[in-house]
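Visitor: The structure's right below; bear with me while I get my questions together.
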Amino acid sequence: MLRTRIKLNENWHFHEGDIAFTPLTDKNSAYQHAKTRRALGGPASVGYNSNPDNWDTTRPHPTEPWISVNLPHDYIITQTPDPKNNNTLGYFTYGNAWYRKHFRLEKEDADRRITITFEAVSTEATVWVNGCKMAHHHTGYTPFSVDITDIANFGGDNVIAVYVQSGDHESWWYEGAGIVRHVWLTKTAQVSVDEYGVFVHPEKQQDGRWLCPADISVRNDLFEDITVAVRASVLDETGTVLAVSEGQLSVPCKDKHEITLSAEISNPLLWDTEEVHMHTLRTELFSEDGTPLDAVDTRFGFREIRFDPDKGFFLNGRSVKINGVCCHQDYGLTGRAMPDNIHVYRTRLLREMGANGYRCAHYPTSEYAMDVFDDMGMLVMDEVRWFSTAKEHMEELETLIRRDRNHPSVIFWSMGNEEPFFANDHGRRIMQTMVSITHKLDPTRPTTAAVNITSARENIQDIVDVMGTNYYIEDLDTLHAKYPDKPIVSAECCAMGTTRGWYYPDDPARGYIYAFNRIGNDWVHARDITWKHFIARPFVSGGYQWAGIEHRGETVWPRLCSQAGALDLFLVKKDAFYQNLSMWSEEPMVHILPHWNLPALVGQTIPVIVCTNCDTLELFVNGVTQGVQSIDPCGFGQWDVIYQPGCVSVKGYRNGVLCAEETLSTTEAPHRLHLEVQNDGEFSANGEDLIVVHCTVLDEDGTPVPDASPYVSFTASGAASVIGTGSDISDHIPPQNPCRRMRAGVIVVALRTKKTAGEVCLIAECEHLLPASLTISVPSQK
C-alpha cells in the first residue's frame, strides 16, 4: 500500500486548564503511578505537572469533565474580553489546556512508517503518544511532525496527548490558543519521499522551452541500505503527462539522500496573477524489483519573476505593480481556528478589491491558504516569525522554506518584521546567516525584510536582496539613491484606522473612528497619497497595505480589534475596500459615502466623498448639482454639502462618456429582516466548512437600511448549525452567541455544515420587524 494521509480533526477530548494533584507518599506509589500513566495513555490521562511529587495515582482524570471538540480549535475565542487583560492580545486570559485523541492502527501497518503532523499549535505544545513524550514545539505558527513508528500499537488503540501552554507570548496581536490548524496521520513505506522533500524549480530557456529540474529527497528508515528507482512526471491541469524523467538512487540505512531529475517542457501554460495555471510533479519510488514504494504529488507553476532596481517588479516579462495587503490569520467568529473555506472566501474578497499581493504577517500562514494564493494569483511575501539564529528558530526557517518553495505565488522571503536587532551589529550577523541559509534552501527567490527604523534601513539593507520598508515613504528616494542597484518594496504602509459605517467624529468611548481615509502623520500616510507616491516612482515594486482585514488585538478598549483594514473583523466591506478598488481596478466604478440616513446631521454641512477610477465626477443632492470635479489617478472626489434627507447621486465619466453612477437614498422605517449567503459555492457537507450569511434590514420598498440596529436571534435546523454571530467591533458578547445587536446595518452569521448533505433553514427574528427565513442547499463533500 502506498502513502496514505488521514486528517485527525474529529473527536478530540479537551480540558481547559491545568489539573490539580495531591502529593504522592512514597517511592512505590510513584512507581505504580508511572505505570498507570503509561497504561492510561500518557500524562494527559492524569494531567501533567513538572513536579512528580504532585502526581496522584488515585485520580487519573481531572475533576472537571473533558469535552469533545473538533479541530481546528481555539479555546480562547469563547471568553468574554476583560479590560484588565492585555490590549494587544485582545483582552483575553491566556491559559493552558489538554487535548487527547484515540486512534487505531491496523496490524498491516506494522511495516510502515507512521507520523503525526500538527500544522500549528498555539503557543507551545508538548506531545505524548502512548505514554511517551515525543515532542515539544515552542511556536504557534509553524508545522511539526512526530514519528511514532517505534512506539505505535499496531492492531490496537493508540492515544495522543497534547499539553498546550499559551502564556508565553511571541506576539503583539491576538494569538489564540489550542490546536488551531489541522492534524494529519501519515502512513508510508519505510522507504519514502521525505517530508517537504520535493523542490521543483523551472528554468526558462529559449523559444518557449523550460527546463523543469526537481530535487527529490528520499529517506530510508530500514536497517539496510537500499537502491530505488525514482520517476518524476510533469502533469498539466488536465492530468496529461507532459514529460517524464527517471533515475536511480542509493540510500544508506536510516539516512536520506537526494537526486535531481530534469525534464524539458515546450510552451507550458504560465502561472500569472491574471490567468492561473498550475502543474503537478508526480514523484514515484520503486524497489529494484519494480514494486511501488511511494507516490507524492507536488503542485507548482511555470513563471518567471524579476525585481529590477530601476523599473520594479516583473512577472513573466511584464511590469506588475504589487497592490498588496498584510493580513493576520484569524477570523472574528472563530479566532485562530480558521476553516479552510474561509481562506477561500476572504482571499476572493481581497482579489475582488483589486489586490494582487498578500503578505503573511508576521508568520507563516496555513498550508491550505498557500494553495489558495496559488489558485487565486496572489503575489506573496512569505515571512518568518522569529528573527533569530537559535537552533529552534533556524529549524522553523528551514521548515517554512521547504514547505512553501514550490508555490509560484511566493515571490520573496521576509526575514522578519520591525525587529530591534535590525539596527545593530547583532542584527547584521543574524541577517547574514538567515539570508545565507535561505539562499541555500531556495536559490530562486530573493530575500527581504520589513524595516521601520531609519537607522536599521542603513544597517541591513545591503544584506537582503530586495530592500523592504515599513511606512516613511519619503525615505524611498533616499534609499534608492544610496543603494541604486537594490530593488525596493514597501513591505507595510497605509495603517489608516477607520470604523465601518461610522460617519460622525471619532468616538473613543464607543471605540469608533471616522469611516474614511485621513491625512496621516509624519510616518504613515493615507492610501491615495501612498499609492500616488508609488506610481510616480517606477523603481518601487509596489506595497502591502496594513491591513487587508481587521484583526483582534492591537487595540484600545472598548474596541476589540485593530481598525486598519479594508474588510472588517467579520469580513464586511468597509469604505476602504472601495477606495482600494478605485486605485487597483480598471472597470469603471463610483462609491459614495456616507449613507443618507443621518438624522442627527440635518441642516449641517457634511463631507460627501466619492471613490472612483473615473476622470470626472458630478455630484447631485436631491437633484441639484453640487459641481463637477476632475479626479487624478488614485484620487477621490469630495464636496461639502448641507445634509437634507432625500438622495445623493454621482455620475462618473471617462473622456466625457458616462460610465458609472450611483444613488443613495434616505430609507423609510425598518420593516423586515433579510438573509443572504455570501460564499455560495464555497462550502460542502464536510463538518468543517462555514456558510457565511449577512443579516440586514429592509424598508417596505426593499431598500437596505444602513443604520439599522435591532437585536436579532438566529436559529438553524437541518444540514448546518449556527456557530457564531458578529457585527460591532466593540461588542463584548462572545461570538458563539446566536443573538446579536446589529450595528451599521449588518450582522454576520456563520453556520458550520454537518457531514450529511441536505438543506439548512436559517431563521432570523427580532421585535417589531418581520422575521426572515432562508433555505440553503449544502452539497456533498467535494
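Letters A, B, ... mark the chains of the C-alpha cells in the order given; residue numbers begin at 1 per chain; ligand numbers begin at 1, in order shown.
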Using only C-alpha atoms, what table do you get, as JSON lines, when you list each residue of stretch 671-767 of chain A with an atom no more than 10 Å from stretch 595-618 of chain A, its nearest pair of atoms, and their distance in Å rounded to one decimal, rows by chain then rising number?

Guide:
{"residue": "A:Val705", "atom": "CA", "partner": "A:Asn597", "partner_atom": "CA", "distance": 8.0}
{"residue": "A:Pro706", "atom": "CA", "partner": "A:His595", "partner_atom": "CA", "distance": 6.9}
{"residue": "A:Asp707", "atom": "CA", "partner": "A:Asn597", "partner_atom": "CA", "distance": 6.8}
{"residue": "A:Ala708", "atom": "CA", "partner": "A:Asn597", "partner_atom": "CA", "distance": 9.7}

Visitor: Please list as a ChimeraX atom specification every residue within 6 Å of stretch 141-149 of chain A, counting only C-alpha atoms and excluding residues in the same chain fewer than 5 positions away.

Guide: /A:113-120

Visitor: Which residues are close to A:His15, i.e. within 6 Å by only C-alpha atoms, leaving aside same-chain residues fewer than 6 positions away? Reply as a list in words.

Guide: Trp66, Ala97 and Trp98 of chain A

Visitor: Keeping only C-alpha atoms, write the selected residues as a PDB file, in the first residue's frame.

Guide:
ATOM      1  CA  TRP A  66     -13.419  16.558  29.328  1.00  0.00           C
ATOM      2  CA  ALA A  97      -5.142  23.136  28.259  1.00  0.00           C
ATOM      3  CA  TRP A  98      -5.034  19.441  27.395  1.00  0.00           C
TER       4      TRP A  98
END

Visitor: Counting only C-alpha atoms, which of A:Lys754, A:His279, A:Arg346, A:His426 gets nearest to A:Asp568?

Guide: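 Using only C-alpha atoms, the shortest distance to A:Asp568 belongs to A:Arg346.
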
Visitor: When distances are computed from only C-alpha atoms, which of A:Gly548, A:Gly745, A:Gly377, A:Pro738 shows the smallest separation from A:Cys360?

Guide: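 So, comparing all the options, the nearest one is A:Gly548.
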
Visitor: Within 9 Å of A:Gln432, counting only C-alpha atoms, which residues qualify if same-chain residues fewer than 3 places away don't, as a list in words?

Guide: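 Using only C-alpha atoms, the neighbours found are Gly427, Arg428, Arg429, Val435, Ser436, Ile437, Ile460, Ile463 and Val464 of chain A.
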
Visitor: List the neighbours of A:Gly357 out to 8 Å using only C-alpha atoms; skip same-chain residues closer than 5 positions along the sequence, and give me the result as a list of chain:residue names.

Guide: A:Ile322, A:Asn323, A:Gly324, A:Val325, A:Met378, A:Leu379, A:Val380, A:Met381, A:Tyr544

Visitor: For the residues selected in the previous step, produce a file with N, CA and C atoms as a compact mmCIF listing (two decimals), in the first residue's frame.

Guide:
# COMPACT_ATOMS: atom_id res chain seq x y z
N ILE A 322 2.87 45.74 -7.40
CA ILE A 322 2.28 44.92 -6.35
C ILE A 322 1.28 45.79 -5.58
N ASN A 323 0.00 45.46 -5.70
CA ASN A 323 -1.06 46.10 -4.93
C ASN A 323 -1.45 45.12 -3.83
N GLY A 324 -0.70 45.16 -2.75
CA GLY A 324 -0.79 44.10 -1.76
C GLY A 324 -1.38 44.55 -0.44
N VAL A 325 -1.69 43.55 0.39
CA VAL A 325 -2.20 43.78 1.74
C VAL A 325 -1.47 42.84 2.70
N MET A 378 -2.17 35.38 -6.22
CA MET A 378 -1.61 36.36 -5.30
C MET A 378 -0.07 36.36 -5.37
N LEU A 379 0.52 37.52 -5.13
CA LEU A 379 1.98 37.68 -5.04
C LEU A 379 2.34 37.75 -3.56
N VAL A 380 2.97 36.71 -3.06
CA VAL A 380 3.08 36.51 -1.61
C VAL A 380 4.47 36.87 -1.09
N MET A 381 4.48 37.66 -0.03
CA MET A 381 5.67 37.84 0.80
C MET A 381 5.53 36.87 1.97
N TYR A 544 2.45 46.69 0.36
CA TYR A 544 1.49 45.87 1.08
C TYR A 544 0.85 46.72 2.18

Visitor: Would you mind listing what lies within 10 Å of A:His732 as a PDB file with C-alpha atoms, in the first residue's frame, with only C-alpha atoms counted and same-chain residues fewer than 4 positions away left out?

Guide:
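And here's part15.pdb as it stands now:
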ATOM      1  CA  GLN A  79     -14.133  34.069  26.522  1.00  0.00           C
ATOM      2  CA  THR A  80     -15.671  37.407  27.419  1.00  0.00           C
ATOM      3  CA  PRO A  81     -12.993  40.092  26.927  1.00  0.00           C
ATOM      4  CA  ASP A  82     -11.798  41.828  30.070  1.00  0.00           C
ATOM      5  CA  PRO A 558     -13.806  49.089  24.321  1.00  0.00           C
ATOM      6  CA  ARG A 559     -12.836  48.161  20.757  1.00  0.00           C
ATOM      7  CA  LEU A 560     -11.625  44.562  20.312  1.00  0.00           C
ATOM      8  CA  ASP A 728     -19.980  45.540  16.300  1.00  0.00           C
TER       9      ASP A 728
END

Visitor: Using only C-alpha atoms for the distances, tell me which of A:Asp221, A:Ala110, A:Arg282, A:Ala369 is nearest to A:Val241.

Guide: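 Of A:Asp221, A:Ala110, A:Arg282, A:Ala369, the one nearest A:Val241, counting only C-alpha atoms, is A:Arg282.
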
Visitor: I want to know what sits within 10 Å of A:Thr78, based on only C-alpha atoms, with residues of the same chain fewer than 2 positions away left out; could you give that as a count of residues only?

Guide: 14

Visitor: Using only C-alpha atoms, which of the listed residues (A:Ala750, A:Ile473, A:Cys647, A:Val384) sits closest to A:Ile401?

Guide: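 Comparing A:Ala750, A:Ile473, A:Cys647, A:Val384 against A:Ile401, the winner is A:Val384.
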
Visitor: So the first atom is atom CA of A:His671 and the second is atom CA of A:Ile747; what is the distance between them in Å, to one decimal place?

Guide: 16.2 Å

Visitor: For a quick check of understanding, using only C-alpha atoms, which of A:Asp632, A:Asp168, A:Glu288, A:Asp442 has the smallest distance to A:Arg405?

Guide: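 Closest to A:Arg405, using only C-alpha atoms: A:Asp442.
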
Visitor: My list of candidates is A:Val234, A:Leu350, A:Ile305, A:Val524. Which is closest to A:Phe577 when distances are computed with only C-alpha atoms?

Guide: A:Leu350

Visitor: Please compute the atom CA of A:Thr756-atom CA of A:His102 distance, one decimal, in Å.

Guide: 23.7 Å

Visitor: Tell me, in Å to one decimal, how far atom CA of A:His407 is from atom CA of A:Val244.

Guide: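 Atom CA of A:Val244 lies at a distance of 21.0 Å from atom CA of A:His407.
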
Visitor: Mind listing the helix (DSSP H, G or I) residues of stretch 78-260 of chain A, per DSSP on the backbone, as a list in words?

Guide: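 Reading the DSSP output for stretch 78-260 of chain A, helix (DSSP H, G or I) covers Lys107, Glu108, Asp109, Ala110, Asp111, Thr149, Asp150 and Ile151 of chain A.
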
Visitor: Output N, CA, C and O atoms for every residue in that selection, as a PDB file, in the first residue's frame.

Guide:
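What ended up in part-v8.pdb:
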ATOM      1  N   LYS A 107      -2.851  -4.065  12.152  1.00  0.00           N
ATOM      2  CA  LYS A 107      -1.641  -4.894  12.154  1.00  0.00           C
ATOM      3  C   LYS A 107      -0.879  -4.762  10.835  1.00  0.00           C
ATOM      4  O   LYS A 107       0.346  -4.864  10.805  1.00  0.00           O
ATOM      5  N   GLU A 108      -1.631  -4.545   9.756  1.00  0.00           N
ATOM      6  CA  GLU A 108      -0.997  -4.414   8.443  1.00  0.00           C
ATOM      7  C   GLU A 108      -0.113  -3.179   8.344  1.00  0.00           C
ATOM      8  O   GLU A 108       0.700  -3.060   7.418  1.00  0.00           O
ATOM      9  N   ASP A 109      -0.253  -2.246   9.283  1.00  0.00           N
ATOM     10  CA  ASP A 109       0.571  -1.034   9.271  1.00  0.00           C
ATOM     11  C   ASP A 109       1.930  -1.247   9.927  1.00  0.00           C
ATOM     12  O   ASP A 109       2.755  -0.329   9.947  1.00  0.00           O
ATOM     13  N   ALA A 110       2.188  -2.420  10.447  1.00  0.00           N
ATOM     14  CA  ALA A 110       3.384  -2.637  11.271  1.00  0.00           C
ATOM     15  C   ALA A 110       4.680  -2.460  10.503  1.00  0.00           C
ATOM     16  O   ALA A 110       5.727  -2.174  11.104  1.00  0.00           O
ATOM     17  N   ASP A 111       4.652  -2.625   9.194  1.00  0.00           N
ATOM     18  CA  ASP A 111       5.880  -2.453   8.429  1.00  0.00           C
ATOM     19  C   ASP A 111       5.939  -1.090   7.748  1.00  0.00           C
ATOM     20  O   ASP A 111       6.712  -0.884   6.815  1.00  0.00           O
ATOM     21  N   THR A 149       6.503   5.668  14.857  1.00  0.00           N
ATOM     22  CA  THR A 149       6.607   4.278  14.395  1.00  0.00           C
ATOM     23  C   THR A 149       7.032   3.336  15.512  1.00  0.00           C
ATOM     24  O   THR A 149       6.449   2.254  15.694  1.00  0.00           O
ATOM     25  N   ASP A 150       8.051   3.720  16.263  1.00  0.00           N
ATOM     26  CA  ASP A 150       8.629   2.802  17.242  1.00  0.00           C
ATOM     27  C   ASP A 150       7.746   2.570  18.459  1.00  0.00           C
ATOM     28  O   ASP A 150       7.899   1.552  19.145  1.00  0.00           O
ATOM     29  N   ILE A 151       6.832   3.480  18.743  1.00  0.00           N
ATOM     30  CA  ILE A 151       6.021   3.311  19.950  1.00  0.00           C
ATOM     31  C   ILE A 151       4.544   3.107  19.624  1.00  0.00           C
ATOM     32  O   ILE A 151       3.696   3.154  20.512  1.00  0.00           O
TER      33      ILE A 151
END
